[in-house]
>>> print(open('query-v4.txt').read())   # compact mmCIF, C-alpha atoms and all ligand atoms
# COMPACT_ATOMS: atom_id res chain seq x y z
CA MET T 1 6.04 31.90 10.86
CA THR T 2 4.41 28.48 11.23
CA MET T 3 2.53 26.67 8.45
CA ASN T 4 -0.79 27.40 10.13
CA GLN T 5 -0.39 31.13 10.43
CA PRO T 6 -2.25 33.35 7.98
CA SER T 7 -0.16 35.71 5.89
CA ALA T 8 -0.93 39.09 4.38
CA THR T 9 1.12 38.05 1.35
CA ALA T 10 -1.79 35.82 0.25
CA ALA T 11 -3.65 38.96 -0.88
CA GLY T 12 -0.97 39.76 -3.45
CA ASP T 13 0.77 43.10 -3.59
CA PHE T 14 0.46 46.55 -5.15
CA PRO T 15 3.14 49.10 -6.13
CA LEU T 16 2.13 52.20 -4.20
CA GLY T 17 3.24 55.22 -6.19
CA GLY T 18 4.86 52.77 -8.63
CA ASP T 19 7.73 51.80 -6.33
CA LEU T 20 6.58 50.91 -2.80
CA ARG T 21 5.32 47.32 -2.95
CA VAL T 22 2.82 46.59 -0.20
CA ASN T 23 0.71 43.56 0.53
CA ARG T 24 -2.90 44.39 -0.28
CA LEU T 25 -3.98 43.42 3.24
CA GLY T 26 -2.63 46.04 5.64
CA PHE T 27 -3.52 47.50 9.03
CA GLY T 28 -5.21 50.71 10.23
CA ALA T 29 -3.76 52.04 13.49
CA MET T 30 -6.59 54.32 14.64
CA ARG T 31 -8.12 51.69 16.98
CA LEU T 32 -4.90 51.47 18.95
CA ALA T 33 -5.73 54.91 20.32
CA LEU T 34 -9.39 55.67 19.66
CA GLY T 35 -12.47 53.55 20.21
CA GLY T 36 -10.62 50.31 20.89
CA ARG T 37 -10.07 48.08 23.90
CA ILE T 38 -6.46 49.16 24.50
CA ARG T 39 -5.65 50.84 27.82
CA ASP T 40 -1.84 50.59 27.85
CA PRO T 41 0.53 51.48 24.97
CA GLU T 42 2.27 48.09 25.36
CA GLU T 43 -0.97 46.39 24.26
CA GLY T 44 -0.94 48.55 21.12
CA VAL T 45 2.68 47.62 20.50
CA ALA T 46 1.71 43.93 20.74
CA VAL T 47 -1.09 44.38 18.19
CA LEU T 48 1.26 46.12 15.76
CA ARG T 49 3.95 43.47 16.14
CA ARG T 50 1.35 40.75 15.56
CA ALA T 51 0.26 42.44 12.33
CA VAL T 52 3.83 42.73 11.03
CA GLU T 53 4.62 39.16 12.10
CA LEU T 54 1.70 38.07 9.88
CA GLY T 55 3.15 39.86 6.84
CA VAL T 56 1.46 43.26 7.08
CA ASN T 57 3.77 45.87 5.57
CA HIS T 58 1.34 48.76 5.05
CA ILE T 59 0.26 50.60 8.18
CA ASP T 60 -2.11 53.54 8.07
CA THR T 61 -1.90 56.11 10.85
CA ALA T 62 -2.26 59.81 11.64
CA GLY T 63 -0.83 62.27 14.14
CA PHE T 64 -4.36 62.96 15.33
CA TYR T 65 -4.95 59.31 16.37
CA GLY T 66 -4.23 59.87 20.02
CA PHE T 67 -5.84 59.85 23.44
CA GLY T 68 -3.68 60.53 26.49
CA ASP T 69 -0.84 57.98 26.63
CA LEU T 70 -2.30 56.14 23.66
CA GLN T 71 -0.70 57.80 20.63
CA ALA T 72 -0.64 55.76 17.41
CA HIS T 73 2.61 57.29 16.13
CA GLU T 74 4.46 56.62 19.40
CA MET T 75 3.21 53.03 19.55
CA ILE T 76 4.37 52.48 15.96
CA ARG T 77 7.83 53.87 16.72
CA ARG T 78 8.11 51.91 19.96
CA GLY T 79 6.87 48.67 18.45
CA LEU T 80 8.35 48.67 14.97
CA SER T 81 11.52 50.75 14.85
CA PRO T 82 14.17 50.27 13.67
CA TYR T 83 11.87 49.93 10.70
CA SER T 84 12.38 47.22 8.12
CA ASP T 85 12.98 48.47 4.58
CA ASP T 86 9.74 47.00 3.24
CA LEU T 87 7.45 48.64 5.83
CA VAL T 88 5.30 51.44 4.41
CA ILE T 89 3.78 53.86 6.90
CA ALA T 90 1.05 56.10 5.56
CA THR T 91 -0.07 59.14 7.50
CA LYS T 92 -2.58 61.95 7.05
CA VAL T 93 -2.49 65.67 7.61
CA GLY T 94 -5.24 68.25 7.50
CA PRO T 95 -7.44 67.90 10.58
CA LEU T 96 -6.39 69.97 13.61
CA LEU T 97 -7.09 68.75 17.14
CA GLU T 98 -6.86 72.18 18.80
CA GLY T 99 -6.49 70.64 22.27
CA GLY T 100 -9.12 67.87 22.09
CA VAL T 101 -9.16 64.34 20.65
CA VAL T 102 -11.72 65.03 17.92
CA PRO T 103 -10.53 67.25 15.07
CA THR T 104 -12.25 70.61 15.12
CA GLY T 105 -10.39 72.55 12.44
CA GLN T 106 -8.51 72.25 9.17
CA ALA T 107 -4.85 73.13 8.67
CA THR T 108 -4.07 75.91 6.22
CA ALA T 109 -1.48 75.33 3.49
CA GLY T 110 1.04 77.20 5.64
CA GLN T 111 0.51 74.87 8.61
CA LEU T 112 1.15 71.62 6.74
CA ARG T 113 4.96 71.71 6.94
CA GLY T 114 4.78 71.86 10.73
CA LEU T 115 2.43 68.86 10.83
CA VAL T 116 4.66 66.81 8.53
CA GLU T 117 7.74 67.67 10.61
CA GLU T 118 5.86 66.64 13.75
CA ASP T 119 4.94 63.29 12.13
CA LEU T 120 8.59 62.73 11.13
CA ARG T 121 9.74 63.40 14.68
CA ARG T 122 7.11 61.26 16.40
CA LEU T 123 7.52 58.34 14.01
CA GLY T 124 11.31 58.65 14.13
CA ARG T 125 11.76 58.78 10.36
CA ASP T 126 13.74 60.98 8.00
CA HIS T 127 10.99 60.90 5.38
CA LEU T 128 7.34 59.84 5.25
CA ASP T 129 6.39 57.13 2.73
CA LEU T 130 2.87 58.34 1.95
CA VAL T 131 1.07 61.42 3.22
CA TYR T 132 -2.61 62.00 2.52
CA LEU T 133 -4.19 65.41 2.54
CA ARG T 134 -7.33 64.65 4.56
CA VAL T 135 -10.09 66.94 3.35
CA GLY T 136 -13.40 67.97 4.95
CA GLY T 137 -15.20 66.57 8.00
CA MET T 138 -16.98 63.24 8.36
CA GLY T 139 -19.74 64.12 5.87
CA ARG T 140 -19.83 63.33 2.16
CA PRO T 141 -16.81 64.70 0.28
CA GLY T 142 -16.98 67.53 -2.22
CA GLY T 143 -17.05 71.24 -2.72
CA GLU T 144 -13.88 72.19 -0.88
CA GLU T 145 -10.81 73.54 -2.67
CA VAL T 146 -7.74 71.26 -2.36
CA ALA T 147 -5.13 72.65 -4.80
CA GLU T 148 -3.39 75.15 -2.50
CA ARG T 149 -2.89 72.65 0.34
CA PHE T 150 -1.91 69.84 -2.03
CA ALA T 151 0.68 72.14 -3.65
CA ALA T 152 2.14 72.79 -0.19
CA LEU T 153 2.55 69.03 0.32
CA ALA T 154 4.00 68.68 -3.20
CA GLU T 155 6.70 71.16 -2.21
CA LEU T 156 7.60 68.97 0.80
CA ARG T 157 7.72 65.97 -1.53
CA ASP T 158 10.10 67.85 -3.85
CA GLN T 159 12.28 68.56 -0.80
CA GLY T 160 12.47 64.84 0.07
CA LEU T 161 10.38 64.92 3.27
CA ILE T 162 7.64 62.86 1.64
CA ARG T 163 7.93 60.06 -0.93
CA HIS T 164 4.33 59.92 -2.21
CA LEU T 165 1.14 61.94 -1.83
CA GLY T 166 -2.47 60.92 -1.43
CA VAL T 167 -5.84 62.52 -0.84
CA SER T 168 -8.54 61.39 1.55
CA ASN T 169 -12.29 61.98 1.63
CA VAL T 170 -12.45 63.44 -1.87
CA ASP T 171 -14.91 63.30 -4.74
CA ALA T 172 -13.90 62.83 -8.38
CA ALA T 173 -13.59 66.60 -8.98
CA GLN T 174 -11.28 67.04 -5.97
CA LEU T 175 -9.18 64.08 -7.09
CA ALA T 176 -8.80 65.68 -10.53
CA GLU T 177 -7.90 69.00 -8.88
CA ALA T 178 -5.13 67.34 -6.84
CA ARG T 179 -3.82 65.37 -9.83
CA ALA T 180 -3.47 68.63 -11.78
CA VAL T 181 -1.03 69.80 -9.05
CA ALA T 182 1.09 66.66 -8.47
CA PRO T 183 0.88 62.87 -8.88
CA VAL T 184 -1.57 61.15 -6.53
CA ALA T 185 -0.41 57.72 -5.37
CA ALA T 186 -3.44 56.81 -3.24
CA VAL T 187 -6.99 57.83 -2.41
CA GLN T 188 -8.46 56.98 1.00
CA ASN T 189 -12.26 57.20 0.99
CA HIS T 190 -15.24 55.84 2.93
CA PHE T 191 -16.21 52.54 1.29
CA HIS T 192 -17.16 49.05 2.41
CA ILE T 193 -19.48 46.19 1.57
CA GLY T 194 -22.40 48.07 3.14
CA ARG T 195 -21.54 51.42 1.54
CA ARG T 196 -20.64 51.23 -2.13
CA ASP T 197 -21.46 54.67 -3.49
CA ASP T 198 -17.92 55.72 -4.41
CA ALA T 199 -17.79 53.92 -7.76
CA ALA T 200 -16.74 57.02 -9.74
CA VAL T 201 -13.63 57.63 -7.66
CA LEU T 202 -12.75 53.93 -7.56
CA ALA T 203 -13.03 53.79 -11.37
CA ARG T 204 -10.73 56.83 -11.73
CA CYS T 205 -8.17 55.16 -9.45
CA GLU T 206 -8.35 51.93 -11.41
CA GLU T 207 -7.81 53.74 -14.74
CA ALA T 208 -4.83 55.66 -13.36
CA GLY T 209 -3.20 52.89 -11.28
CA ILE T 210 -3.83 54.86 -8.09
CA ALA T 211 -4.25 52.81 -4.90
CA TYR T 212 -7.78 53.00 -3.49
CA VAL T 213 -7.71 52.52 0.29
CA PRO T 214 -11.18 52.25 1.83
CA PHE T 215 -11.52 53.70 5.29
CA PHE T 216 -13.94 51.94 7.67
CA PRO T 217 -13.39 48.72 5.64
CA LEU T 218 -15.39 46.85 8.30
CA GLY T 219 -17.96 49.62 8.65
CA GLY T 220 -15.95 51.24 11.43
CA GLY T 221 -17.61 48.90 13.91
CA ARG T 222 -20.84 50.88 13.60
CA GLU T 223 -22.14 50.68 10.03
CA PRO T 224 -23.64 47.31 9.04
CA ILE T 225 -21.56 44.90 7.00
CA ASP T 226 -23.93 41.96 7.61
CA ARG T 227 -25.78 42.53 4.34
CA PRO T 228 -27.91 39.87 2.70
CA GLY T 229 -25.65 37.08 1.50
CA VAL T 230 -22.72 37.77 3.83
CA VAL T 231 -23.64 35.13 6.41
CA ASP T 232 -24.32 32.50 3.71
CA VAL T 233 -21.08 33.20 1.87
CA ALA T 234 -19.17 33.14 5.16
CA ALA T 235 -20.72 29.77 6.04
CA ARG T 236 -19.78 28.31 2.63
CA HIS T 237 -16.12 29.20 3.23
CA GLY T 238 -15.99 28.51 6.97
CA ALA T 239 -15.17 32.22 7.29
CA THR T 240 -16.48 35.10 9.40
CA PRO T 241 -18.59 38.02 8.10
CA ALA T 242 -15.61 40.35 8.71
CA GLN T 243 -13.42 38.15 6.51
CA VAL T 244 -16.05 38.14 3.75
CA ALA T 245 -16.30 41.95 3.95
CA LEU T 246 -12.52 42.23 3.51
CA ALA T 247 -12.37 39.63 0.71
CA TRP T 248 -15.20 41.52 -1.05
CA LEU T 249 -13.14 44.73 -0.92
CA LEU T 250 -10.04 42.98 -2.27
CA ALA T 251 -12.16 41.50 -5.08
CA ALA T 252 -13.71 44.89 -5.92
CA SER T 253 -10.59 46.03 -7.78
CA PRO T 254 -6.90 45.15 -7.99
CA VAL T 255 -6.09 48.71 -6.83
CA VAL T 256 -7.92 48.27 -3.50
CA LEU T 257 -5.71 48.03 -0.40
CA ALA T 258 -7.51 46.94 2.79
CA ILE T 259 -6.52 48.55 6.12
CA PRO T 260 -8.82 46.93 8.72
CA GLY T 261 -8.42 48.45 12.15
CA SER T 262 -8.36 46.48 15.36
CA SER T 263 -7.23 46.66 18.96
CA SER T 264 -7.21 42.86 19.26
CA PRO T 265 -4.37 40.52 18.21
CA ASP T 266 -6.97 37.81 17.51
CA HIS T 267 -8.98 40.06 15.21
CA VAL T 268 -5.75 41.06 13.45
CA ALA T 269 -5.03 37.38 12.72
CA GLU T 270 -8.62 36.83 11.58
CA ASN T 271 -8.44 39.85 9.28
CA VAL T 272 -5.07 38.83 7.83
CA ALA T 273 -6.53 35.39 7.08
CA ALA T 274 -9.03 37.13 4.77
CA ALA T 275 -6.04 37.75 2.47
CA GLY T 276 -6.34 34.11 1.41
CA LEU T 277 -10.13 34.04 0.99
CA ARG T 278 -11.06 33.95 -2.71
CA LEU T 279 -14.69 34.71 -3.42
CA THR T 280 -16.22 32.85 -6.37
CA ALA T 281 -18.44 34.38 -9.05
CA ASP T 282 -21.44 32.85 -7.22
CA ASP T 283 -20.30 34.43 -3.95
CA LEU T 284 -19.96 37.83 -5.60
CA ALA T 285 -23.39 37.47 -7.20
CA ASP T 286 -24.88 36.67 -3.79
CA LEU T 287 -23.17 39.75 -2.34
CA ALA T 288 -24.19 42.04 -5.20
CA GLY T 289 -27.59 43.05 -3.85
N1 LIG X 1 -9.24 58.90 6.19
C1 LIG X 1 -10.17 58.90 7.12
O1 LIG X 1 -10.94 59.84 7.25
C2 LIG X 1 -10.31 57.73 8.03
C3 LIG X 1 -11.45 57.63 8.85
C4 LIG X 1 -11.54 56.49 9.65
C5 LIG X 1 -10.56 55.51 9.63
N2 LIG X 1 -9.46 55.69 8.83
C6 LIG X 1 -8.42 54.63 8.74
O2 LIG X 1 -9.06 53.41 8.42
C7 LIG X 1 -8.64 52.41 9.34
C8 LIG X 1 -9.74 51.39 9.54
O3 LIG X 1 -10.89 52.02 10.09
P1 LIG X 1 -11.46 51.68 11.54
O4 LIG X 1 -10.45 50.99 12.33
O5 LIG X 1 -12.06 52.92 12.07
O6 LIG X 1 -12.69 50.77 11.18
P2 LIG X 1 -12.84 49.27 10.60
O7 LIG X 1 -11.55 48.69 10.23
O8 LIG X 1 -13.91 49.36 9.59
O9 LIG X 1 -13.46 48.54 11.87
C9 LIG X 1 -12.79 48.49 13.08
C10 LIG X 1 -13.80 48.00 14.09
O10 LIG X 1 -14.16 46.66 13.75
C11 LIG X 1 -13.78 45.78 14.81
N3 LIG X 1 -13.14 44.60 14.21
C12 LIG X 1 -11.94 44.51 13.59
N4 LIG X 1 -11.72 43.27 13.15
C13 LIG X 1 -12.81 42.55 13.50
C14 LIG X 1 -13.17 41.19 13.32
N5 LIG X 1 -12.37 40.34 12.68
N6 LIG X 1 -14.37 40.78 13.81
C15 LIG X 1 -15.20 41.64 14.45
N7 LIG X 1 -14.90 42.95 14.64
C16 LIG X 1 -13.71 43.40 14.17
C17 LIG X 1 -12.80 46.55 15.67
O11 LIG X 1 -12.92 46.12 17.00
P3 LIG X 1 -11.65 45.44 17.78
O12 LIG X 1 -10.76 46.58 18.13
O13 LIG X 1 -12.30 44.80 18.95
O14 LIG X 1 -11.02 44.45 16.84
C18 LIG X 1 -13.29 47.98 15.49
O15 LIG X 1 -14.38 48.25 16.35
C19 LIG X 1 -8.32 53.20 10.61
O16 LIG X 1 -7.53 52.46 11.49
C20 LIG X 1 -7.66 54.41 10.03
O17 LIG X 1 -6.30 54.10 9.77
C21 LIG X 1 -9.34 56.76 8.04
>>> encode(input="query-v4.txt", output="structure tokens")
Amino acid sequence: MTMNQPSATAAGDFPLGGDLRVNRLGFGAMRLALGGRIRDPEEGVAVLRRAVELGVNHIDTAGFYGFGDLQAHEMIRRGLSPYSDDLVIATKVGPLLEGGVVPTGQATAGQLRGLVEEDLRRLGRDHLDLVYLRVGGMGRPGGEEVAERFAALAELRDQGLIRHLGVSNVDAAQLAEARAVAPVAAVQNHFHIGRRDDAAVLARCEEAGIAYVPFFPLGGGREPIDRPGVVDVAARHGATPAQVALAWLLAASPVVLAIPGSSSPDHVAENVAAAGLRLTADDLADLAG
């Protein structure tokens, strides 16, 4: 790495599950397959290698991030294996594709083993570092029972197929329900500078030392992150609004791990550079509204 390259290490690190140290600025792989500019798997491989070259060692993916030849798991295996010891790959199970590209159903407890085995095979690993139980649809979390499915994943963890477990798209009651079954290492919920209404779950994670991993950290490319103050703060630091949005997340709590998604090597470098952006108290006050 040259002196001028940004590095994900500038964000500091976090011990996922107590023992997997990851830089707090990571990468979300969904855009390699869905809703991005990539048309050839080799372009996805290049994006992944760029992220790792810049110090990213936490990659978020899922078996259901796929469209034709563009399959996130396959691109990760092709681009990054043999895997370095410090690389943490997090995946999610729950949604079922049932032949399409948009999940239409939810796996039962009995179907989860098959999905985990499929992830192991496609990623080319003998165990998965972190597996989230992804609950519900794209609406607000809550109301759905999680214990039976989480217990099924806990069994796979006990058998050594999975190192740590997480839950995704949960409210505080569902998080408590999962924690009563087995330790939760990470929560992945919808949260960004323009959508901050998950304070209760974030507070629980902070108290318990659970990683809080916001999905759509840049608004998913469709929800506004250009709130009042963002442009001014960005101008003060010579930064971009996307970088301010990521620095705001990292400043929200020491348990937050950012996983911005991108299909562009340039955006990956820009996002990694946010690892070194420190917002001042004045900046945070300007972004508080
Ligand atoms: N658990 C869940 O239910 C769930 C749901 C959604 C996502 N996720 C996870 O969260 C990760 C992140 O979410 P996401 O990728 O959907 O959304 P995101 O990170 O909020 O935003 C990605 C979008 O922002 C654009 N972008 C990225 N960097 C940019 C920059 N520096 N400047 C301007 N635009 C930029 C990308 O376009 P380019 O491709 O052109 O860079 C893309 O359109 C996913 O990859 C996935 O791993 C989880």
>>> closest_residue(input="query-v4.txt", among="T:Leu54, T:Ile193, T:Ala11, T:Ala154", to="Gly289 of chain T", atoms="only C-alpha atoms")
T:Ile193
>>> closest_atom_pairs(input="query-v4.txt", of="segment 140-259 of chain T", to="segment 29-32 of chain T", cutoff="12 Å", atoms="all atoms listed in the file", output="CSV")
residue,atom,partner,partner_atom,distance
T:Phe215,CA,T:Met30,CA,10.6
T:Phe216,CA,T:Met30,CA,10.4
T:Gly220,CA,T:Arg31,CA,9.6
T:Gly221,CA,T:Arg31,CA,10.4
T:Ile259,CA,T:Ala29,CA,8.6
>>> closest_atom_pairs(input="query-v4.txt", of="segment 140-162 of chain T", to="segment 85-98 of chain T", cutoff="12 Å", atoms="all atoms listed in the file", output="CSV")
residue,atom,partner,partner_atom,distance
T:Val146,CA,T:Gly94,CA,10.6
T:Arg149,CA,T:Gly94,CA,8.7
T:Phe150,CA,T:Gly94,CA,10.2
T:Ala152,CA,T:Val93,CA,11.5
T:Leu153,CA,T:Val93,CA,9.5
T:Ile162,CA,T:Ala90,CA,10.2
>>> residues_around(input="query-v4.txt", residues="Asp119 of chain T", least_positions_apart="6", cutoff="12 Å", atoms="all atoms listed in the file", output="list in words")
Thr61, Ala62, Gly63, Phe64, Tyr65, Gln71, Ala72, His73, Glu74, Ile76, Arg77, Ile89, Ala90, Thr91, Lys92, Val93, Leu112, Arg113, Arg125, Asp126, His127, Leu128, Asp129, Leu130, Val131, Leu161 and Ile162 of chain T
>>> write_last_selection(input="query-v4.txt", atoms="C-alpha atoms", output="PDB file, in the coordinates of the input")
ATOM      1  CA  THR T  61      -1.900  56.110  10.850  1.00  0.00           C
ATOM      2  CA  ALA T  62      -2.260  59.810  11.640  1.00  0.00           C
ATOM      3  CA  GLY T  63      -0.830  62.270  14.140  1.00  0.00           C
ATOM      4  CA  PHE T  64      -4.360  62.960  15.330  1.00  0.00           C
ATOM      5  CA  TYR T  65      -4.950  59.310  16.370  1.00  0.00           C
ATOM      6  CA  GLN T  71      -0.700  57.800  20.630  1.00  0.00           C
ATOM      7  CA  ALA T  72      -0.640  55.760  17.410  1.00  0.00           C
ATOM      8  CA  HIS T  73       2.610  57.290  16.130  1.00  0.00           C
ATOM      9  CA  GLU T  74       4.460  56.620  19.400  1.00  0.00           C
ATOM     10  CA  ILE T  76       4.370  52.480  15.960  1.00  0.00           C
ATOM     11  CA  ARG T  77       7.830  53.870  16.720  1.00  0.00           C
ATOM     12  CA  ILE T  89       3.780  53.860   6.900  1.00  0.00           C
ATOM     13  CA  ALA T  90       1.050  56.100   5.560  1.00  0.00           C
ATOM     14  CA  THR T  91      -0.070  59.140   7.500  1.00  0.00           C
ATOM     15  CA  LYS T  92      -2.580  61.950   7.050  1.00  0.00           C
ATOM     16  CA  VAL T  93      -2.490  65.670   7.610  1.00  0.00           C
ATOM     17  CA  LEU T 112       1.150  71.620   6.740  1.00  0.00           C
ATOM     18  CA  ARG T 113       4.960  71.710   6.940  1.00  0.00           C
ATOM     19  CA  ARG T 125      11.760  58.780  10.360  1.00  0.00           C
ATOM     20  CA  ASP T 126      13.740  60.980   8.000  1.00  0.00           C
ATOM     21  CA  HIS T 127      10.990  60.900   5.380  1.00  0.00           C
ATOM     22  CA  LEU T 128       7.340  59.840   5.250  1.00  0.00           C
ATOM     23  CA  ASP T 129       6.390  57.130   2.730  1.00  0.00           C
ATOM     24  CA  LEU T 130       2.870  58.340   1.950  1.00  0.00           C
ATOM     25  CA  VAL T 131       1.070  61.420   3.220  1.00  0.00           C
ATOM     26  CA  LEU T 161      10.380  64.920   3.270  1.00  0.00           C
ATOM     27  CA  ILE T 162       7.640  62.860   1.640  1.00  0.00           C
TER      28      ILE T 162
END
>>> atom_distance(input="query-v4.txt", atom1="atom CA of Val22 of chain T", atom2="atom C2 of ligand LIG 1 (chain X)")
19.1 Å
>>> atom_distance(input="query-v4.txt", atom1="atom CA of Met138 of chain T", atom2="atom CA of Ala199 of chain T")
18.6 Å
>>> residues_around(input="query-v4.txt", residues="Thr280 of chain T", least_positions_apart="6", cutoff="10 Å", atoms="all atoms listed in the file", output="number ranges by chain")
T: 233, 251, 286
>>> closest_residue(input="query-v4.txt", among="T:Val170, T:Ile38, T:Ala235, T:Val181", to="Pro265 of chain T", atoms="all atoms listed in the file")
T:Ile38
>>> atom_distance(input="query-v4.txt", atom1="atom CA of Gly229 of chain T", atom2="atom C13 of ligand LIG 1 (chain X)")
18.4 Å
>>> closest_residue(input="query-v4.txt", among="T:Gly219, T:Gly166, T:Gly238, T:Gly136", to="ligand LIG 1 (chain X)", atoms="all atoms listed in the file")
T:Gly219
>>> closest_residue(input="query-v4.txt", among="T:Ala252, T:Leu257, T:Ala239, T:Ala200", to="Ile59 of chain T", atoms="only C-alpha atoms")
T:Leu257
>>> residues_around(input="query-v4.txt", residues="Arg278 of chain T", least_positions_apart="6", cutoff="12 Å", atoms="all atoms listed in the file", output="list in words")
Ala10, Ala11, Gly12, Val233, Ala234, Arg236, His237, Ala239, Gln243, Val244, Ala245, Leu246, Ala247, Trp248, Leu249, Leu250, Ala251, Ala252 and Leu284 of chain T
>>> closest_residue(input="query-v4.txt", among="T:Ala176, T:Leu16, T:Leu115, T:Val213", to="ligand LIG 1 (chain X)", atoms="only C-alpha atoms and all ligand atoms")
T:Val213
>>> residues_around(input="query-v4.txt", residues="Arg39 of chain T", least_positions_apart="6", cutoff="10 Å", atoms="all atoms listed in the file", output="short mmCIF file (atom, residue, chain, number, x, y, z; two decimals) with C-alpha atoms, keeping the file's coordinate frame")
data_model
loop_
_atom_site.label_atom_id
_atom_site.label_comp_id
_atom_site.auth_asym_id
_atom_site.auth_seq_id
_atom_site.Cartn_x
_atom_site.Cartn_y
_atom_site.Cartn_z
CA LEU T 32 -4.90 51.47 18.95
CA ALA T 33 -5.73 54.91 20.32
CA GLY T 68 -3.68 60.53 26.49
CA ASP T 69 -0.84 57.98 26.63
CA LEU T 70 -2.30 56.14 23.66
CA SER T 263 -7.23 46.66 18.96
#
>>> closest_residue(input="query-v4.txt", among="T:Val268, T:Ser262, T:Leu277, T:Gly143", to="Ala51 of chain T", atoms="only C-alpha atoms")
T:Val268
>>> residues_near_point(input="query-v4.txt", point="(2.1, 43.6, 15.9)", cutoff="12 Å", atoms="all atoms listed in the file", output="JSON, numbers by chain")
{"T": [26, 27, 28, 29, 32, 42, 43, 44, 45, 46, 47, 48, 49, 50, 51, 52, 53, 54, 55, 56, 57, 59, 75, 76, 77, 78, 79, 80, 81, 262, 263, 264, 265, 266, 267, 268, 269, 272]}
>>> build_atoms(input="query-v4.txt", residues="segment 32-49 of chain T", atoms="N, CA and C atoms", output="short mmCIF file (atom, residue, chain, number, x, y, z; two decimals), in the frame of the given file")
data_model
loop_
_atom_site.label_atom_id
_atom_site.label_comp_id
_atom_site.auth_asym_id
_atom_site.auth_seq_id
_atom_site.Cartn_x
_atom_site.Cartn_y
_atom_site.Cartn_z
N LEU T 32 -5.86 51.62 17.87
CA LEU T 32 -4.90 51.47 18.95
C LEU T 32 -5.08 52.60 19.97
N ALA T 33 -5.61 53.73 19.46
CA ALA T 33 -5.73 54.91 20.32
C ALA T 33 -7.17 55.32 20.56
N LEU T 34 -8.03 55.12 19.59
CA LEU T 34 -9.39 55.67 19.66
C LEU T 34 -10.43 54.57 19.45
N GLY T 35 -11.34 54.45 20.40
CA GLY T 35 -12.47 53.55 20.21
C GLY T 35 -12.14 52.08 20.26
N GLY T 36 -10.98 51.72 20.78
CA GLY T 36 -10.62 50.31 20.89
C GLY T 36 -10.58 49.86 22.34
N ARG T 37 -10.07 48.63 22.54
CA ARG T 37 -10.07 48.08 23.90
C ARG T 37 -8.74 48.29 24.60
N ILE T 38 -7.81 49.01 23.95
CA ILE T 38 -6.46 49.16 24.50
C ILE T 38 -6.42 50.23 25.60
N ARG T 39 -5.77 49.89 26.71
CA ARG T 39 -5.65 50.84 27.82
C ARG T 39 -4.19 51.19 28.11
N ASP T 40 -3.26 50.40 27.57
CA ASP T 40 -1.84 50.59 27.85
C ASP T 40 -1.10 50.53 26.50
N PRO T 41 -0.17 51.46 26.26
CA PRO T 41 0.53 51.48 24.97
C PRO T 41 1.19 50.14 24.62
N GLU T 42 1.62 49.38 25.66
CA GLU T 42 2.27 48.09 25.36
C GLU T 42 1.31 47.13 24.65
N GLU T 43 0.00 47.25 24.95
CA GLU T 43 -0.97 46.39 24.26
C GLU T 43 -1.04 46.79 22.78
N GLY T 44 -0.94 48.08 22.51
CA GLY T 44 -0.94 48.55 21.12
C GLY T 44 0.29 48.06 20.38
N VAL T 45 1.43 48.10 21.08
CA VAL T 45 2.68 47.62 20.50
C VAL T 45 2.54 46.13 20.13
N ALA T 46 1.89 45.37 21.00
CA ALA T 46 1.71 43.93 20.74
C ALA T 46 0.83 43.70 19.50
N VAL T 47 -0.21 44.51 19.36
CA VAL T 47 -1.09 44.38 18.19
C VAL T 47 -0.31 44.68 16.91
N LEU T 48 0.47 45.75 16.95
CA LEU T 48 1.26 46.12 15.76
C LEU T 48 2.26 45.03 15.39
N ARG T 49 2.94 44.51 16.42
CA ARG T 49 3.95 43.47 16.14
C ARG T 49 3.29 42.22 15.59
#
